[in-house]
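Q: Submitted below is the structure of interest, expressed as structure tokens.
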Amino acid sequence: MTISAAREFEGLVRDAVKSLPREFKRKLENINIVILEEPSVRQKKEAGIGAGEDLLGLYEGVPLGKRTHHDGSVLPDKITVFRGPVTRSCRSRREIRAAVRDTVLHEFAHYFGISDEHMIEDETY
């Protein structure tokens, strides 16, 4: 991937974060957003992703609704977007933009404590 393509992808992630509703952005604290080319074996295993499956994004941390006063002095939560799987799953720039936004929103939903099961039932995420 070229530097300009990497920067363009970073811009898409930044735009997706900026698109979060203001009431959600106000609640963001102690979270890093990272872009990696591919997920590690550990990340895929922890996410329950099998061989031949792709992982587009990953939330690692303690969801807001499950935090206690003991969680105050911990490393930041982390949302990772995986550029390789996202771009391979798309056929056009428009699809990449949509996949990045969907992935970022999906991982932020986990940050706010929304499970995959709830997202599947609701179909909003």
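Residues are named by chain letter and number: chains run A, B, ... in the order of the structure tokens, numbers start at 1 in each chain, and ligands are numbered from 1 in the order shown.
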What lies within 12 Å of A:Arg97 using only C-alpha atoms, ignoring chain neighbours under 6 positions off, as a compact mmCIF listing (two decimals) with N, CA and C atoms, in the first residue's frame?

A:
```txt
# COMPACT_ATOMS: atom_id res chain seq x y z
N GLU A 8 -4.92 8.18 3.05
CA GLU A 8 -6.33 8.26 2.69
C GLU A 8 -7.16 7.37 3.61
N PHE A 9 -6.68 6.17 3.90
CA PHE A 9 -7.39 5.27 4.80
C PHE A 9 -7.48 5.88 6.19
N GLU A 10 -6.37 6.47 6.65
CA GLU A 10 -6.37 7.15 7.96
C GLU A 10 -7.41 8.26 7.98
N GLY A 11 -7.53 8.99 6.89
CA GLY A 11 -8.54 10.05 6.80
C GLY A 11 -9.95 9.50 6.88
N LEU A 12 -10.18 8.33 6.29
CA LEU A 12 -11.50 7.70 6.37
C LEU A 12 -11.84 7.32 7.81
N VAL A 13 -10.84 6.80 8.52
CA VAL A 13 -11.06 6.44 9.93
C VAL A 13 -11.35 7.71 10.73
N ARG A 14 -10.57 8.74 10.49
CA ARG A 14 -10.77 10.02 11.21
C ARG A 14 -12.17 10.57 10.93
N ASP A 15 -12.60 10.52 9.66
CA ASP A 15 -13.94 11.00 9.30
C ASP A 15 -15.03 10.19 10.01
N ALA A 16 -14.82 8.88 10.10
CA ALA A 16 -15.81 8.03 10.77
C ALA A 16 -15.93 8.39 12.25
N ARG A 83 -6.59 -2.43 7.98
CA ARG A 83 -6.65 -1.92 6.61
C ARG A 83 -6.74 -3.04 5.57
N VAL A 86 -10.20 -4.83 5.46
CA VAL A 86 -11.24 -3.88 5.01
C VAL A 86 -11.13 -3.67 3.51
N THR A 87 -9.94 -3.39 3.02
CA THR A 87 -9.80 -3.10 1.58
C THR A 87 -10.03 -4.34 0.73
N SER A 89 -12.17 -6.63 1.34
CA SER A 89 -13.60 -6.95 1.35
C SER A 89 -14.42 -6.02 0.47
N CYS A 90 -13.76 -5.04 -0.16
CA CYS A 90 -14.47 -4.02 -0.94
C CYS A 90 -13.98 -4.00 -2.38
N ARG A 91 -14.86 -3.50 -3.26
CA ARG A 91 -14.51 -3.40 -4.67
C ARG A 91 -14.32 -1.97 -5.15
N THR A 103 -17.21 -0.29 10.41
CA THR A 103 -16.28 -0.93 11.35
C THR A 103 -16.03 -0.05 12.56
N VAL A 104 -15.76 1.23 12.32
CA VAL A 104 -15.51 2.16 13.43
C VAL A 104 -16.74 2.25 14.33
```

Q: Work out how far apart atom CA of A:Ile35 and atom CA of A:Ser92 are and give it in Å to one decimal.

A: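 Separating atom CA of A:Ile35 from atom CA of A:Ser92 is a distance of 19.6 Å.
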
Q: DSSP on the backbone: which residues in chain A end up as strand (DSSP E)? Give the answer as a list in words.

A: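 Matching residues, listed in order: Ile31, Asn32, Ile33, Val34, Ile35, Leu36, Gly57, Leu58, Tyr59, Glu60, Asp77, Lys78, Ile79, Thr80, Val81 and Phe82 of chain A.
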
Q: Could you name the residues that touch A:Pro76 at 8 Å or less, counting only C-alpha atoms, but leaving out those on the same chain fewer than 3 positions away, as a list in words?

A: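 In the requested format, the answer is Asn30, Ile31, Asn32 and Gly61 of chain A.
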
Q: Please produce a file of those selected residues containing C-alpha atoms, as a compact mmCIF listing (two decimals), in the first residue's frame.

A:
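Output below, filename result16.txt:
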```txt
# COMPACT_ATOMS: atom_id res chain seq x y z
CA ASN A 30 -8.97 7.04 27.61
CA ILE A 31 -9.28 5.39 24.18
CA ASN A 32 -6.81 5.02 21.34
CA GLY A 61 -10.85 -2.74 26.78
```

Q: Tell me, as a list in words, which residues lie within 9 Å of A:Leu56, counting only C-alpha atoms; anything in the same chain fewer than 2 positions away does not count.

A: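 Counting only C-alpha atoms, the residues come to Glu38, Pro39, Asp54, Leu58, Thr80, Val81, Phe82, Arg83, Gly84, Pro85, Val86, Ser89, Ala99, Val100 and Thr103 of chain A.
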
Q: Store the residues of this selection in a file with C-alpha atoms, as a PDB file, in the first residue's frame.

A:
```
ATOM      1  CA  GLU A  38      -3.477  -7.125   9.483  1.00  0.00           C
ATOM      2  CA  PRO A  39      -4.686  -8.618  12.761  1.00  0.00           C
ATOM      3  CA  ASP A  54     -11.238 -11.736   8.144  1.00  0.00           C
ATOM      4  CA  LEU A  58     -11.348  -4.960  17.161  1.00  0.00           C
ATOM      5  CA  THR A  80      -8.039  -1.189  15.908  1.00  0.00           C
ATOM      6  CA  VAL A  81      -9.105  -1.000  12.273  1.00  0.00           C
ATOM      7  CA  PHE A  82      -7.372  -3.496   9.980  1.00  0.00           C
ATOM      8  CA  ARG A  83      -6.655  -1.918   6.607  1.00  0.00           C
ATOM      9  CA  GLY A  84      -5.902  -5.156   4.699  1.00  0.00           C
ATOM     10  CA  PRO A  85      -9.123  -7.009   5.510  1.00  0.00           C
ATOM     11  CA  VAL A  86     -11.236  -3.883   5.011  1.00  0.00           C
ATOM     12  CA  SER A  89     -13.600  -6.949   1.353  1.00  0.00           C
ATOM     13  CA  ALA A  99     -16.815  -0.428   5.459  1.00  0.00           C
ATOM     14  CA  VAL A 100     -14.486   1.838   7.453  1.00  0.00           C
ATOM     15  CA  THR A 103     -16.281  -0.934  11.349  1.00  0.00           C
TER      16      THR A 103
END
```

Q: Counting only C-alpha atoms, which residue out of A:Ile33, A:Lys66, A:Arg88, A:Lys27 sits closest to A:Glu53?

A: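 Nearest to A:Glu53: A:Arg88.
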
Q: Counting only C-alpha atoms, which residue out of A:Glu37, A:Glu107, A:Glu60, A:Asp77 sits closest to A:Val17?

A: A:Glu107

Q: Just to confirm, what's the straight-line distance from atom CA of A:Ala47 to atom CA of A:Val74 in Å (one decimal)?

A: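 Between these atoms lies a distance of 21.2 Å.
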
Q: DSSP on the backbone: what in stretch 8-111 of chain A comes out helix (DSSP H, G or I), as number ranges by chain?

A: A: 8-18, 22-25, 41-46, 64-66, 69-71, 83-88, 93-111

Q: For the selection you just gave me, I'd like the residues written to a file as a PDB file, in the first residue's frame, keeping C-alpha atoms.

A:
```
ATOM      1  CA  GLU A   8      -6.329   8.263   2.687  1.00  0.00           C
ATOM      2  CA  PHE A   9      -7.388   5.271   4.800  1.00  0.00           C
ATOM      3  CA  GLU A  10      -6.372   7.146   7.956  1.00  0.00           C
ATOM      4  CA  GLY A  11      -8.542  10.050   6.795  1.00  0.00           C
ATOM      5  CA  LEU A  12     -11.504   7.700   6.367  1.00  0.00           C
ATOM      6  CA  VAL A  13     -11.059   6.441   9.926  1.00  0.00           C
ATOM      7  CA  ARG A  14     -10.766  10.016  11.206  1.00  0.00           C
ATOM      8  CA  ASP A  15     -13.944  11.000   9.303  1.00  0.00           C
ATOM      9  CA  ALA A  16     -15.808   8.026  10.771  1.00  0.00           C
ATOM     10  CA  VAL A  17     -14.832   9.055  14.305  1.00  0.00           C
ATOM     11  CA  LYS A  18     -15.863  12.653  13.605  1.00  0.00           C
ATOM     12  CA  ARG A  22     -21.917  14.633  19.770  1.00  0.00           C
ATOM     13  CA  GLU A  23     -23.523  12.962  22.804  1.00  0.00           C
ATOM     14  CA  PHE A  24     -21.309   9.911  22.228  1.00  0.00           C
ATOM     15  CA  LYS A  25     -18.143  11.897  21.518  1.00  0.00           C
ATOM     16  CA  VAL A  41      -2.955 -14.474  15.348  1.00  0.00           C
ATOM     17  CA  ARG A  42      -3.714 -13.562  18.986  1.00  0.00           C
ATOM     18  CA  GLN A  43      -6.223 -10.881  17.993  1.00  0.00           C
ATOM     19  CA  LYS A  44      -8.039 -13.219  15.613  1.00  0.00           C
ATOM     20  CA  LYS A  45      -8.112 -15.977  18.224  1.00  0.00           C
ATOM     21  CA  GLU A  46      -9.434 -13.678  20.966  1.00  0.00           C
ATOM     22  CA  LEU A  64     -18.177   1.864  29.765  1.00  0.00           C
ATOM     23  CA  GLY A  65     -21.104   0.088  31.398  1.00  0.00           C
ATOM     24  CA  LYS A  66     -18.843  -2.493  33.050  1.00  0.00           C
ATOM     25  CA  HIS A  69     -13.762   2.624  40.351  1.00  0.00           C
ATOM     26  CA  HIS A  70     -10.930   0.057  40.053  1.00  0.00           C
ATOM     27  CA  ASP A  71     -10.676   0.717  36.306  1.00  0.00           C
ATOM     28  CA  ARG A  83      -6.655  -1.918   6.607  1.00  0.00           C
ATOM     29  CA  GLY A  84      -5.902  -5.156   4.699  1.00  0.00           C
ATOM     30  CA  PRO A  85      -9.123  -7.009   5.510  1.00  0.00           C
ATOM     31  CA  VAL A  86     -11.236  -3.883   5.011  1.00  0.00           C
ATOM     32  CA  THR A  87      -9.797  -3.096   1.583  1.00  0.00           C
ATOM     33  CA  ARG A  88      -9.908  -6.745   0.457  1.00  0.00           C
ATOM     34  CA  ARG A  93     -13.576   3.476  -2.803  1.00  0.00           C
ATOM     35  CA  ARG A  94     -17.215   4.027  -1.903  1.00  0.00           C
ATOM     36  CA  GLU A  95     -17.408   0.527  -0.416  1.00  0.00           C
ATOM     37  CA  ILE A  96     -14.147   1.090   1.496  1.00  0.00           C
ATOM     38  CA  ARG A  97     -15.496   4.345   2.948  1.00  0.00           C
ATOM     39  CA  ALA A  98     -18.706   2.580   4.048  1.00  0.00           C
ATOM     40  CA  ALA A  99     -16.815  -0.428   5.459  1.00  0.00           C
ATOM     41  CA  VAL A 100     -14.486   1.838   7.453  1.00  0.00           C
ATOM     42  CA  ARG A 101     -17.420   3.779   8.880  1.00  0.00           C
ATOM     43  CA  ASP A 102     -19.351   0.609   9.715  1.00  0.00           C
ATOM     44  CA  THR A 103     -16.281  -0.934  11.349  1.00  0.00           C
ATOM     45  CA  VAL A 104     -15.511   2.155  13.434  1.00  0.00           C
ATOM     46  CA  LEU A 105     -19.137   2.482  14.560  1.00  0.00           C
ATOM     47  CA  HIS A 106     -19.294  -1.240  15.361  1.00  0.00           C
ATOM     48  CA  GLU A 107     -16.180  -1.069  17.549  1.00  0.00           C
ATOM     49  CA  PHE A 108     -17.385   2.080  19.307  1.00  0.00           C
ATOM     50  CA  ALA A 109     -20.644   0.250  20.027  1.00  0.00           C
ATOM     51  CA  HIS A 110     -18.528  -2.319  21.911  1.00  0.00           C
ATOM     52  CA  TYR A 111     -16.834   0.551  23.788  1.00  0.00           C
TER      53      TYR A 111
END
```
